[in-house]
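Below you'll find the structure, written out as structure tokens, and then a few comments.
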Amino acid sequence: GEMAILPADVDMVLVTSAFVAQLDDRLAAYNEDHADAMKIRLRVAMHMDTVMRSAMGYAGSGVGVLSRLLEAKEFKQALAGTHDAHLALLTSEQLYRSVIESGLGGLRPGRFRALTIDNPAQGFRQTAYLYIPGATQENGGSSTSAAGNPRASERDERAAPAGPVINTKVDRPVIHGDLNIGALGSFPRAGD
């Protein structure tokens, strides 16, 4: 996994619309050419908050919120409950209200559904918003969008193993050219 800390002046409308769409397209292209065992499916979580540099990377409550969203069992189950999705996006309520609800950049709030993330062991309970591009449920091949279905299939969490998180600071964002998932590159700043 990778956690990218973006500069405050990055255009979050572009990140949540263009970046997610481009990542989904590139995953689809990759997955079309590979056997099931080699396909890549990603969980992408996004949150807006202030973070600070620390001796071990970045610190702040936003880092904790983002980690809890990304590793939430509800999020893993939602992606596992689809068979043709390449990625799932989960945004914090703060990002949803500030960015997604604007409808700018082609964002469509109606494609997101509220999802309660509940982790009592860590004292975390928050509403987040889920979007799974092009997904259908695995329960009989229904063509119902997973984003519109209030209950995603509850498959075993082992289908979505967690990996290490690498802290990355992105200084100069650009969205064109090739996307290198290991080094996410950068995104347009507001006004560019």
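Identifiers for the structure tokens are assigned positionally: chains receive A, B, ... in sequence, residues are indexed from 1 per chain, and ligands are indexed from 1 in the order shown.
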
Distance query range 118-120 of chain A at most 9 Å, only C-alpha atoms, self and fewer than 6 positions along chain excluded, as a ChimeraX atom specification
/A:68,72-74,126-127

With a distance cut-off of 10 Å and only C-alpha atoms, select the neighbouring residues of range 103-110 of chain A, excluding the residue or stretch itself and same-chain residues fewer than 6 positions from it, and output the selection as a ChimeraX atom specification.
/A:12-18,96-97,129,131,147-148

Kindly export the residues of the current selection with N, CA and C atoms, as a compact mmCIF listing (two decimals), in the first residue's frame.
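Listing of again17.txt after writing:
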```
# COMPACT_ATOMS: atom_id res chain seq x y z
N MET A 12 -8.39 18.99 -5.39
CA MET A 12 -8.97 17.72 -4.97
C MET A 12 -10.10 17.26 -5.88
N VAL A 13 -10.72 18.16 -6.62
CA VAL A 13 -11.74 17.73 -7.59
C VAL A 13 -11.06 16.87 -8.65
N LEU A 14 -9.90 17.30 -9.14
CA LEU A 14 -9.17 16.50 -10.13
C LEU A 14 -8.67 15.18 -9.56
N VAL A 15 -8.21 15.21 -8.33
CA VAL A 15 -7.71 13.98 -7.72
C VAL A 15 -8.84 12.97 -7.56
N THR A 16 -10.00 13.41 -7.08
CA THR A 16 -11.09 12.46 -6.84
C THR A 16 -11.84 12.08 -8.11
N SER A 17 -11.71 12.86 -9.16
CA SER A 17 -12.39 12.49 -10.41
C SER A 17 -11.41 11.93 -11.42
N ALA A 18 -10.51 12.76 -11.92
CA ALA A 18 -9.61 12.35 -13.01
C ALA A 18 -8.63 11.25 -12.57
N TYR A 96 -16.14 14.05 1.20
CA TYR A 96 -17.38 13.93 0.43
C TYR A 96 -18.14 15.25 0.43
N ARG A 97 -18.32 15.82 1.62
CA ARG A 97 -19.09 17.08 1.73
C ARG A 97 -18.38 18.24 1.04
N TYR A 129 -18.07 7.44 2.39
CA TYR A 129 -18.84 7.34 1.16
C TYR A 129 -18.10 6.46 0.15
N TYR A 131 -17.69 4.41 -3.52
CA TYR A 131 -17.96 4.39 -4.96
C TYR A 131 -17.14 3.26 -5.57
N ALA A 147 -22.51 0.37 -5.87
CA ALA A 147 -22.63 1.65 -5.20
C ALA A 147 -24.08 1.95 -4.86
N GLY A 148 -25.03 1.41 -5.62
CA GLY A 148 -26.43 1.64 -5.36
C GLY A 148 -27.06 0.58 -4.48
```

Quick one: everything within 9 Å of Ala8 in chain A, counting only C-alpha atoms, minus sequence neighbours fewer than 2 positions away in the same chain. Send it as a list of chain:residue names.
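Surrounding residues, per the criterion: A:Leu6, A:Val10, A:Asp11, A:Thr50, A:Arg189.
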
Would you give me, as a PDB file with N, CA, C and O atoms, in the first residue's frame, the residues in range 26-86 of chain A that DSSP reads as alpha helix (DSSP H)?
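Done, and the output landed in part_10.pdb:
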```
ATOM      1  N   ARG A  26      -6.679   2.251 -16.210  1.00  0.00           N
ATOM      2  CA  ARG A  26      -5.398   1.552 -16.350  1.00  0.00           C
ATOM      3  C   ARG A  26      -5.423   0.177 -15.698  1.00  0.00           C
ATOM      4  O   ARG A  26      -4.816  -0.767 -16.207  1.00  0.00           O
ATOM      5  N   LEU A  27      -6.135   0.057 -14.596  1.00  0.00           N
ATOM      6  CA  LEU A  27      -6.295  -1.265 -13.980  1.00  0.00           C
ATOM      7  C   LEU A  27      -7.109  -2.179 -14.893  1.00  0.00           C
ATOM      8  O   LEU A  27      -6.791  -3.358 -15.050  1.00  0.00           O
ATOM      9  N   ALA A  28      -8.156  -1.635 -15.516  1.00  0.00           N
ATOM     10  CA  ALA A  28      -8.973  -2.424 -16.440  1.00  0.00           C
ATOM     11  C   ALA A  28      -8.126  -2.923 -17.605  1.00  0.00           C
ATOM     12  O   ALA A  28      -8.203  -4.096 -17.984  1.00  0.00           O
ATOM     13  N   ALA A  29      -7.316  -2.047 -18.170  1.00  0.00           N
ATOM     14  CA  ALA A  29      -6.456  -2.442 -19.293  1.00  0.00           C
ATOM     15  C   ALA A  29      -5.462  -3.519 -18.853  1.00  0.00           C
ATOM     16  O   ALA A  29      -5.240  -4.506 -19.570  1.00  0.00           O
ATOM     17  N   TYR A  30      -4.866  -3.351 -17.700  1.00  0.00           N
ATOM     18  CA  TYR A  30      -3.920  -4.344 -17.189  1.00  0.00           C
ATOM     19  C   TYR A  30      -4.630  -5.679 -16.938  1.00  0.00           C
ATOM     20  O   TYR A  30      -4.162  -6.734 -17.357  1.00  0.00           O
ATOM     21  N   ASN A  31      -5.777  -5.624 -16.274  1.00  0.00           N
ATOM     22  CA  ASN A  31      -6.488  -6.847 -15.894  1.00  0.00           C
ATOM     23  C   ASN A  31      -7.027  -7.622 -17.097  1.00  0.00           C
ATOM     24  O   ASN A  31      -7.133  -8.844 -17.045  1.00  0.00           O
ATOM     25  N   GLU A  32      -7.349  -6.927 -18.185  1.00  0.00           N
ATOM     26  CA  GLU A  32      -7.837  -7.606 -19.394  1.00  0.00           C
ATOM     27  C   GLU A  32      -6.795  -8.545 -19.972  1.00  0.00           C
ATOM     28  O   GLU A  32      -7.132  -9.552 -20.579  1.00  0.00           O
ATOM     29  N   SER A  61      -4.278  13.510  13.235  1.00  0.00           N
ATOM     30  CA  SER A  61      -5.478  12.661  13.303  1.00  0.00           C
ATOM     31  C   SER A  61      -5.914  12.190  11.912  1.00  0.00           C
ATOM     32  O   SER A  61      -6.488  11.112  11.768  1.00  0.00           O
ATOM     33  N   GLY A  62      -5.622  12.978  10.886  1.00  0.00           N
ATOM     34  CA  GLY A  62      -6.004  12.593   9.525  1.00  0.00           C
ATOM     35  C   GLY A  62      -5.345  11.310   9.063  1.00  0.00           C
ATOM     36  O   GLY A  62      -5.945  10.525   8.327  1.00  0.00           O
ATOM     37  N   VAL A  63      -4.105  11.065   9.500  1.00  0.00           N
ATOM     38  CA  VAL A  63      -3.408   9.834   9.136  1.00  0.00           C
ATOM     39  C   VAL A  63      -4.140   8.632   9.742  1.00  0.00           C
ATOM     40  O   VAL A  63      -4.336   7.615   9.085  1.00  0.00           O
ATOM     41  N   GLY A  64      -4.584   8.779  10.992  1.00  0.00           N
ATOM     42  CA  GLY A  64      -5.343   7.709  11.645  1.00  0.00           C
ATOM     43  C   GLY A  64      -6.673   7.459  10.975  1.00  0.00           C
ATOM     44  O   GLY A  64      -7.066   6.306  10.758  1.00  0.00           O
ATOM     45  N   VAL A  65      -7.381   8.526  10.643  1.00  0.00           N
ATOM     46  CA  VAL A  65      -8.680   8.378   9.961  1.00  0.00           C
ATOM     47  C   VAL A  65      -8.492   7.656   8.635  1.00  0.00           C
ATOM     48  O   VAL A  65      -9.214   6.707   8.320  1.00  0.00           O
ATOM     49  N   LEU A  66      -7.522   8.091   7.845  1.00  0.00           N
ATOM     50  CA  LEU A  66      -7.271   7.478   6.545  1.00  0.00           C
ATOM     51  C   LEU A  66      -6.944   5.992   6.683  1.00  0.00           C
ATOM     52  O   LEU A  66      -7.482   5.156   5.948  1.00  0.00           O
ATOM     53  N   SER A  67      -6.094   5.650   7.630  1.00  0.00           N
ATOM     54  CA  SER A  67      -5.725   4.243   7.839  1.00  0.00           C
ATOM     55  C   SER A  67      -6.933   3.410   8.237  1.00  0.00           C
ATOM     56  O   SER A  67      -7.107   2.287   7.754  1.00  0.00           O
ATOM     57  N   ARG A  68      -7.770   3.939   9.116  1.00  0.00           N
ATOM     58  CA  ARG A  68      -8.953   3.189   9.552  1.00  0.00           C
ATOM     59  C   ARG A  68      -9.965   3.013   8.418  1.00  0.00           C
ATOM     60  O   ARG A  68     -10.609   1.975   8.311  1.00  0.00           O
ATOM     61  N   LEU A  69     -10.093   4.022   7.570  1.00  0.00           N
ATOM     62  CA  LEU A  69     -10.978   3.884   6.412  1.00  0.00           C
ATOM     63  C   LEU A  69     -10.455   2.800   5.468  1.00  0.00           C
ATOM     64  O   LEU A  69     -11.197   1.924   5.040  1.00  0.00           O
ATOM     65  N   LEU A  70      -9.180   2.875   5.154  1.00  0.00           N
ATOM     66  CA  LEU A  70      -8.588   1.943   4.199  1.00  0.00           C
ATOM     67  C   LEU A  70      -8.680   0.497   4.675  1.00  0.00           C
ATOM     68  O   LEU A  70      -8.936  -0.405   3.896  1.00  0.00           O
ATOM     69  N   LYS A  73     -13.228  -3.284   7.634  1.00  0.00           N
ATOM     70  CA  LYS A  73     -13.795  -4.544   7.143  1.00  0.00           C
ATOM     71  C   LYS A  73     -14.976  -4.277   6.209  1.00  0.00           C
ATOM     72  O   LYS A  73     -15.171  -4.995   5.229  1.00  0.00           O
ATOM     73  N   GLU A  74     -15.737  -3.227   6.470  1.00  0.00           N
ATOM     74  CA  GLU A  74     -16.875  -2.883   5.612  1.00  0.00           C
ATOM     75  C   GLU A  74     -16.414  -2.524   4.201  1.00  0.00           C
ATOM     76  O   GLU A  74     -17.080  -2.845   3.214  1.00  0.00           O
ATOM     77  N   PHE A  75     -15.269  -1.867   4.106  1.00  0.00           N
ATOM     78  CA  PHE A  75     -14.702  -1.475   2.815  1.00  0.00           C
ATOM     79  C   PHE A  75     -14.188  -2.704   2.071  1.00  0.00           C
ATOM     80  O   PHE A  75     -14.456  -2.895   0.886  1.00  0.00           O
ATOM     81  N   LYS A  76     -13.472  -3.565   2.770  1.00  0.00           N
ATOM     82  CA  LYS A  76     -12.958  -4.798   2.162  1.00  0.00           C
ATOM     83  C   LYS A  76     -14.111  -5.672   1.666  1.00  0.00           C
ATOM     84  O   LYS A  76     -14.052  -6.228   0.572  1.00  0.00           O
ATOM     85  N   GLN A  77     -15.171  -5.775   2.457  1.00  0.00           N
ATOM     86  CA  GLN A  77     -16.326  -6.590   2.071  1.00  0.00           C
ATOM     87  C   GLN A  77     -17.033  -6.010   0.848  1.00  0.00           C
ATOM     88  O   GLN A  77     -17.494  -6.761  -0.009  1.00  0.00           O
ATOM     89  N   ALA A  78     -17.102  -4.694   0.761  1.00  0.00           N
ATOM     90  CA  ALA A  78     -17.766  -4.061  -0.384  1.00  0.00           C
ATOM     91  C   ALA A  78     -17.038  -4.392  -1.683  1.00  0.00           C
ATOM     92  O   ALA A  78     -17.669  -4.732  -2.689  1.00  0.00           O
ATOM     93  N   LEU A  79     -15.710  -4.306  -1.695  1.00  0.00           N
ATOM     94  CA  LEU A  79     -14.958  -4.644  -2.904  1.00  0.00           C
ATOM     95  C   LEU A  79     -15.004  -6.139  -3.165  1.00  0.00           C
ATOM     96  O   LEU A  79     -15.180  -6.572  -4.306  1.00  0.00           O
ATOM     97  N   ALA A  80     -14.903  -6.948  -2.119  1.00  0.00           N
ATOM     98  CA  ALA A  80     -14.950  -8.401  -2.287  1.00  0.00           C
ATOM     99  C   ALA A  80     -16.315  -8.850  -2.809  1.00  0.00           C
ATOM    100  O   ALA A  80     -16.416  -9.885  -3.474  1.00  0.00           O
TER     101      ALA A  80
END
```

Residue contacts of Leu87 in chain A (9 Å, only C-alpha atoms) excluding same-chain residues fewer than 6 positions away, as a ChimeraX atom specification:
/A:20,23-24,27,40-44,79,131-133,135

Tell me, in Å to one decimal, how far CA of Ala35 in chain A is from CA of Gln22 in chain A.
21.6 Å

Between CA of Leu95 in chain A and CA of Met46 in chain A lies a distance of 7.3 Å

Between CA of Glu93 in chain A and CA of Val51 in chain A, measure the distance and give it in Å to one decimal.
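It comes out at 17.6 Å.
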
From the DSSP assignment of the backbone, select every residue of range 24-149 of chain A that is strand (DSSP E), and format the answer as a PyMOL selection string.
chain A and resi 42-46+52-54+57-59+87-92+113-119+124-131
